[in-house]
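Notes to accompany the following structure.
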Amino acid sequence: MARDMNQPILKVDDLKMHFPVKEGIFLNTKKFNRAVDGVSLTIQPGETLGLVGESGCGKSTLGRCISRLYQPTSGSIQFEGNEISTLGSRALLPYRQDIQMIFQDPMESLNSRHTVGDILMEPFIIHNIGDRVSRQKRVQELLEIVGLPARSVSRYPFEFSGGQRQRIGIARSIALNPKLIVCDEPVSALDVSIQSQILNLLIELQQEFNLSYLFIAHDLAVVKHISDRIAIMYLGKIVESGNGEEVYKESRHPYTQSLISAIPVPNPHRPLNRQIITGDVPSPINPPTGCAFHPRCRMVEDRCKHQAPRLETISEGHIAACHRKDETRGVIAET
Amino acid sequence: MRAVDDLSFDVMPGETIGIVGESGCGKSVTALSIMRLLPQPMGQIASGNVIFQGQDLTKLSLPEMEKIRGARIGMVFQEPMTALNPVHTIGRQITEVLLLHQDISKDAAIRAGVEILDKVGIPSPDIRMTEYPHQLSGGMRQRVVIAIALACKPALLIADEPTTALDVTIQAQILELIRELQSDLGMAVIMITHDLGVIAETCEDVVVMYAGKMAEKGSVYDIFDRPKHPYTKGLLASIPTLDTIPKSKLSVIDGMVPGLLDLPAGCRFENRCPYRQDGCTLAPPPIETVDQEHQVSCLRWQEI
C-alpha cells in the first residue's frame, strides 16, 4: 500500500449523521436530528484542523463519527485512502490504533476504579502488543512524555488535579503511536494557567511524533492558537474554513464574524465594538429553511430564506457559504 | 479549612468590581459569605465584616438578612439549570421573590414578572411565565435567573460566573444585558469570573485572588497594564489571544494551586513563583500600596 506524499491522512466527504427521534405512543421515528448534515473536510499529516462552533452544532458528533464511535448515516471517511465509514468492529481494529481521542472531562473519561497504570496498560492488552515487562516500560515512558511522575502508575485518577488527569488522558491517547487524534474540547474544563500547559504539551507532541489533530473547541482564541486551518460549524454544516489567520482576519461568513466579535478580549483599552447576534441556535431536528443561519443573520435577504448557500472559494483554501459573501469583506477589520 | 483569608474590597453604586481567580481560589465563597449563604454549620465567617449601605451584614439576624437577600442584593449563579427550580413554572419563581419582598397583589406580581422578563429580552414573556425551566434554552434560563435577581431592583448584583456555562454569542448577549440594566438601575455589580476577557470588558476595578487570598487589587488598567504580582503577570501571559502567533509556546505558570488544607506558611504563590526568594517562604507578604487604589501582596513587587 504505497502512500503518495500529498495524500491527506483524513478525507471526509459529504458526511451525514442523522439520529432518529422517536416520539408518539408507539415510538415511531418521524423526525431526524440532523446533527451532522453533509460535512466535507481533509486533514494533512502533521496538521491541526480546528473545528469551532456553539453547543449543539454537531462538532462533537462529527469527531465521534471520524473516530468511528458512531456509524455515520451516509458519506465517506477515508483514512490514508482507505474507506472506514462502513467497516465493522473487527475490520476497524487496526484503525483504532491509528485514530485516538482525547475527551473534555478527564474525570469522566478515565475509569475511576483503575490505577493510572491499568488505564495506560489497557490499549496494549486490547491490541495484544508486547509482554508485561515491555508494557510496563512503555507506560513509564508515556508518563515521562506527558510530564507526570513515575510513581503515578499505582495511583487512581481522583488523586490527580484536572490538568494532571488530562495528561493521563493524553498519555493514553498517544500510547499506540496514533497518526490522528480527535481532541474534543481538551482544555475547556481547565483553569487558564493549566490550559496553557496542556496546549503546549499538545503542540510539543505534535512536533515530536508528527501527529495530526482534529481539535474541537468552542473557544476561538484557543483553536486559532493550536490550528493550522480552522473550520466553523453551524447547525451540522461547515459554513467557513480556511487557514487560521485568514478566517480570523478575512472572515466572510456573518456567523464567523459575529463569533469573533463576541469573544471577550483581555484588553481593557479595546473599545467595545460588537455585533451581537440575537436569538439561540435553532434545533437541528427542525432546521430553518434556506441558509440555516438566516434567522439570526444581520445580512439576511430574501433568497437566504429559501435557498441554501453552497461553500464557495474566496481565495485559495478559504471557503465560505454565504450568498452575500462579496459584501461582507473587511467587516471586522477595524476591531 | 481557610477558604478566604483577609479579603477587603469595596464597590460604589453603578460600578462593577471583578473578582478573578482559578477554581478553588475562594471567589464563590466570597460571594456566598456576602450573602450569608455559606453551608451551615461548617461555613463560618471567622472575622471581618460586610458593610452594605452602612449596615453590617455579618451582624444581622437571619430574618433581617432574608429581607435583604433577593430584595436589595440580587445574585446570579453559574448554572441556571440548578439555580432554577425544575418543578415550578418560571412565573411562580419570579412572582415568589416579588410577593416575598414587596407588598403587592398576586396579579400585580404577575404583571411585574412579565415586564421584567420582557426587559431581559425574553420573547413572548406572558407565555414563558407558564413554562418550566427545561422548556427554555441555556441562554434564556440565564436571562430568567437575571430577571429574578433584578425583580426587586437591587442596589447590588452579585454575578458568580454568570456566563461560564454559555456559548460566546450568548455570553455577549448576557454581558450586554447586565451592562444595560446596570446603567438603567444604577446598581453596583460584583462580577466573579475566571475569564480575564470578561473582566477587561465589564469591570472598573479588579481583585485578583489566589488560594483564598488577595494577590492584587486595582483599577482594570492597573491590573492589565501594570500588573505587580507575579501571579497576575503569569495569568495574563498564559492566555492565548487571537493575536498570539499560532503554535508558539505559551508561557505557563508551573505547578499547581496548593490545597486549602496544606497552605504554605509564607506567600501562597511561593511554590510556583519565578520571583521566589528566601523571605517569601517565611511569612505571608504584607499588602502594600503601589499607588492610590492599586495594592499588591508581594515582597518583590517593585521589581516586577
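Chain lettering (A, B, ...) mirrors the order of the C-alpha cells, residue numbering begins at 1 for each chain separately, and ligand numbering begins at 1 in order of display.
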Interface, chain A side, toward chain B (7 Å; only C-alpha atoms) as number ranges by chain: A: 54-55, 191-193, 196-197, 200, 203, 221-222, 224-227, 259, 262-268, 276-277
Contacts of range 263-268 of chain B at 8 Å (only C-alpha atoms; same-chain gap of 3+ positions) as a list in words: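 My reading of the contact set: Tyr210, Ala211, Pro258, Gly259, Leu260, Asn271, Cys280, Thr281, Leu282, Ala283, Pro284, Pro285 and Cys298 of chain B.
CA of Glu159 in chain A is found 29.3 Å from CA of Leu211 in chain A.
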Quick one: everything within 12 Å of Glu122 in chain A, counting only C-alpha atoms, minus sequence neighbours fewer than 6 positions away in the same chain. Send it as a VMD selection string. chain A and resid 110 to 111 114 to 116 128 to 130 132 135 to 136 138 to 139 171 to 173 175 to 176
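Take the candidates A:Thr48, A:Asn33, A:Ser40, A:Gln104 and check each one against Glu240 in chain A using only C-alpha atoms; the shortest distance goes to A:Ser40.
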Hey, what's within 8 Å of Ile174 in chain A if we count only C-alpha atoms and toss same-chain stuff fewer than 4 positions away? As JSON, numbers by chain, please? {"A": [100, 142, 170, 178]}
Export of prior selection with N, CA and C atoms as a CSV table (one decimal), in the first residue's frame:
```csv
chain,number,residue,atom,x,y,z
A,100,GLN,N,-7.1,8.1,17.6
A,100,GLN,CA,-7.3,8.2,19.0
A,100,GLN,C,-8.2,9.4,19.4
A,142,LEU,N,5.6,6.8,28.7
A,142,LEU,CA,4.4,7.6,28.4
A,142,LEU,C,4.2,8.7,29.5
A,170,ILE,N,-4.1,12.2,27.8
A,170,ILE,CA,-3.2,12.4,26.6
A,170,ILE,C,-2.3,11.2,26.5
A,178,PRO,N,-0.5,6.8,17.6
A,178,PRO,CA,-1.5,7.0,16.6
A,178,PRO,C,-1.0,8.0,15.6
```
Need the shell around Glu288 in chain B: protein/DNA/RNA residues with any atom at most 8 Å away, counting only C-alpha atoms. Skip same-chain ones fewer than 6 positions apart. Format as an MDAnalysis selection string? chainID B and resid 295:298
Just to be explicit: take each residue in the selection above, keep N, CA and C atoms, and write the result as a tab-separated table (two decimals), in the first residue's frame.
```tsv
chain	number	residue	atom	x	y	z
B	295	GLN	N	-3.14	47.91	44.95
B	295	GLN	CA	-2.48	47.25	46.07
B	295	GLN	C	-1.99	45.88	45.66
B	296	VAL	N	-0.91	45.45	46.27
B	296	VAL	CA	-0.35	44.16	45.90
B	296	VAL	C	0.23	43.48	47.13
B	297	SER	N	0.19	42.16	47.13
B	297	SER	CA	0.72	41.41	48.24
B	297	SER	C	1.90	40.58	47.74
B	298	CYS	N	3.05	41.25	47.59
B	298	CYS	CA	4.24	40.57	47.10
B	298	CYS	C	5.46	41.33	47.60
```
Quick one: residues within 12 Å of Pro287 in chain A, only C-alpha atoms, excluding same-chain residues fewer than 6 positions away - as a PyMOL selection string? chain A and resi 31-37+57+234-237+281+293-295+305+308
Could you please write out, as a PyMOL selection string, every residue of range 19-268 of chain A that DSSP assigns to helix (DSSP H, G or I)? chain A and resi 59-66+89-98+106-109+116-126+132-145+150-154+157-159+162-174+192-209+220-226+244-249+254-262
From a DSSP pass on the backbone, collect the residues of range 53-232 of chain B flagged as strand (DSSP E or B) and hand them back as a PyMOL selection string. chain B and resi 55-56+69+73-76+156-160+188-193+205-210+213-219
Spatial neighbours of Gly74 in chain B, 7 Å, only C-alpha atoms, chain gap at least 5 places, as a list in words: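 Neighbouring residues, sequence-local ones excluded: Arg69, Ala149, Leu150, Pro154, Leu156, Leu157 and Ile158 of chain B.
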One-decimal distance in Å that lies between CA of Val97 in chain B and CA of Arg111 in chain B: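 One can read the CA of Arg111 in chain B to CA of Val97 in chain B distance as 13.4 Å.
Here CA of Cys152 in chain B stands at a distance of 8.9 Å from CA of Ile73 in chain B.
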A:Leu214, A:Leu49, A:Ile232, A:Met299: which is nearest Ile181 in chain A, counting only C-alpha atoms?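 Of A:Leu214, A:Leu49, A:Ile232, A:Met299, the one nearest Ile181 in chain A is A:Leu214, counting only C-alpha atoms.
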From B:Leu136, B:Ile68, B:Arg2, B:Asp107, residue lying nearest Gly279 in chain A [only C-alpha atoms]: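 Looking at the shortest contact to Gly279 in chain A, the residue is B:Leu136.
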